[in-house]
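Visitor: Quick one: structure below, then a few questions.
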Amino acid sequence: MTWPAPDGDGPLILIVDDHETNRKLARDVLRAAGLRTIEAASGAEAITLAARQLPDVILMDLRLPDMRGADVARRLADEPRTAGIPVVAVSSLPFGGDGWARAAGFAGYLEKPLSVRDFPDQVRRFCGADAA
């Protein structure tokens, strides 16, 4: 299920998670902070939406119903149209930092549960200097 991005010129964030509650929380927090969001519930949907919408950053759950988040990130990196989009791993698994995420091809890692207060700034860090 995807939600259209709200009008505006803020960074566009693609939220990829198969749990609707997780997508809703991320969407509501990010939109309240002035970011635009779109959503995907599967890896295949994320790949299609990323190529069509070219978000500024992709928040990728690691466990999706159709493929692993790392596989989605690799496929996005292999496509010239989406290769430059930072993909951030988001998981409830405590990996102890984002070194493993970078080694797996992610731009970084955010651990669930997400901090409602810090989450928008954490996401903006991956959007580039013009997103502040």
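Chain labels run A, B, ... following the order of the structure tokens; each chain numbers its residues from 1, and ligands are numbered from 1 in the order shown.
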From a backbone DSSP assignment, name each residue in chain A labelled helix (DSSP H, G or I), as a PyMOL selection string.
Guide: chain A and resi 20-32+43-53+69-78+99-103+119-127+129-131
Visitor: Report as a PyMOL selection string: the residues of chain A with a DSSP assignment of strand (DSSP E), based on the backbone of this structure.
Guide: chain A and resi 12-16+36-40+57-61+87-91+108-111
Visitor: Got a sec: who's within 12 Å of Thr82 in chain A, counting only C-alpha atoms, leaving out chain neighbours fewer than 2 positions off, as a list in words?
Guide: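 Counting only C-alpha atoms, the residues come to Ala46, Ile47, Thr48, Leu49, Ala50, Ala51, Arg52, Gln53, Leu54, Pro55, Asp56, Val57, Ile58, Val72, Ala73, Arg74, Arg75, Leu76, Ala77, Asp78, Glu79, Pro80, Gly84, Ile85, Pro86 and Val87 of chain A.
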Visitor: For each of A:Val116, A:Leu14, A:Ala41, A:Leu64, take the minimum atom-to-atom distance to Val88 in chain A, counting only C-alpha atoms, then give the residue where this is smallest.
Guide: A:Leu14
Visitor: Need the shell around Ala89 in chain A: protein/DNA/RNA residues with any atom at most 10 Å away, counting only C-alpha atoms. Skip same-chain ones fewer than 5 positions apart. Format as a list of chain:residue names?
Guide: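 Residues meeting the cut-off are A:Val16, A:Ile58, A:Leu59, A:Met60, A:Asp61, A:Leu62, A:Gly69, A:Ala70, A:Ala73, A:Asp98, A:Ala101, A:Arg102, A:Ala104, A:Gly105, A:Phe106, A:Ala107, A:Gly108, A:Tyr109, A:Leu110, A:Glu111.
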Visitor: Find the residue from A:Arg81, A:Arg124, A:Lys24, A:Lys112 that sits nearest to Ala40 in chain A; use only C-alpha atoms when measuring.
Guide: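 For Ala40 in chain A, the nearest of the candidates is A:Lys24.
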Visitor: With a distance cut-off of 9 Å and only C-alpha atoms, select the neighbouring residues of Asp9 in chain A, excluding the residue or stretch itself and same-chain residues fewer than 3 positions from it, and output the selection as a list in words.
Guide: Leu12, Leu35 and Arg36 of chain A
Visitor: Please save N, CA and C atoms of the selected residues as an mmCIF file, in the first residue's frame.
Guide:
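Below is the file out_10.cif, written as the result:
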```cif
data_model
loop_
_atom_site.group_PDB
_atom_site.id
_atom_site.type_symbol
_atom_site.label_atom_id
_atom_site.label_comp_id
_atom_site.auth_asym_id
_atom_site.auth_seq_id
_atom_site.Cartn_x
_atom_site.Cartn_y
_atom_site.Cartn_z
ATOM 1 N N LEU A 12 11.761 13.810 0.194
ATOM 2 C CA LEU A 12 10.816 12.709 0.015
ATOM 3 C C LEU A 12 11.445 11.433 0.565
ATOM 4 N N LEU A 35 8.598 16.501 6.477
ATOM 5 C CA LEU A 35 9.113 15.651 5.412
ATOM 6 C C LEU A 35 7.946 15.026 4.650
ATOM 7 N N ARG A 36 8.151 14.736 3.383
ATOM 8 C CA ARG A 36 7.131 14.063 2.585
ATOM 9 C C ARG A 36 7.432 12.573 2.603
#
```
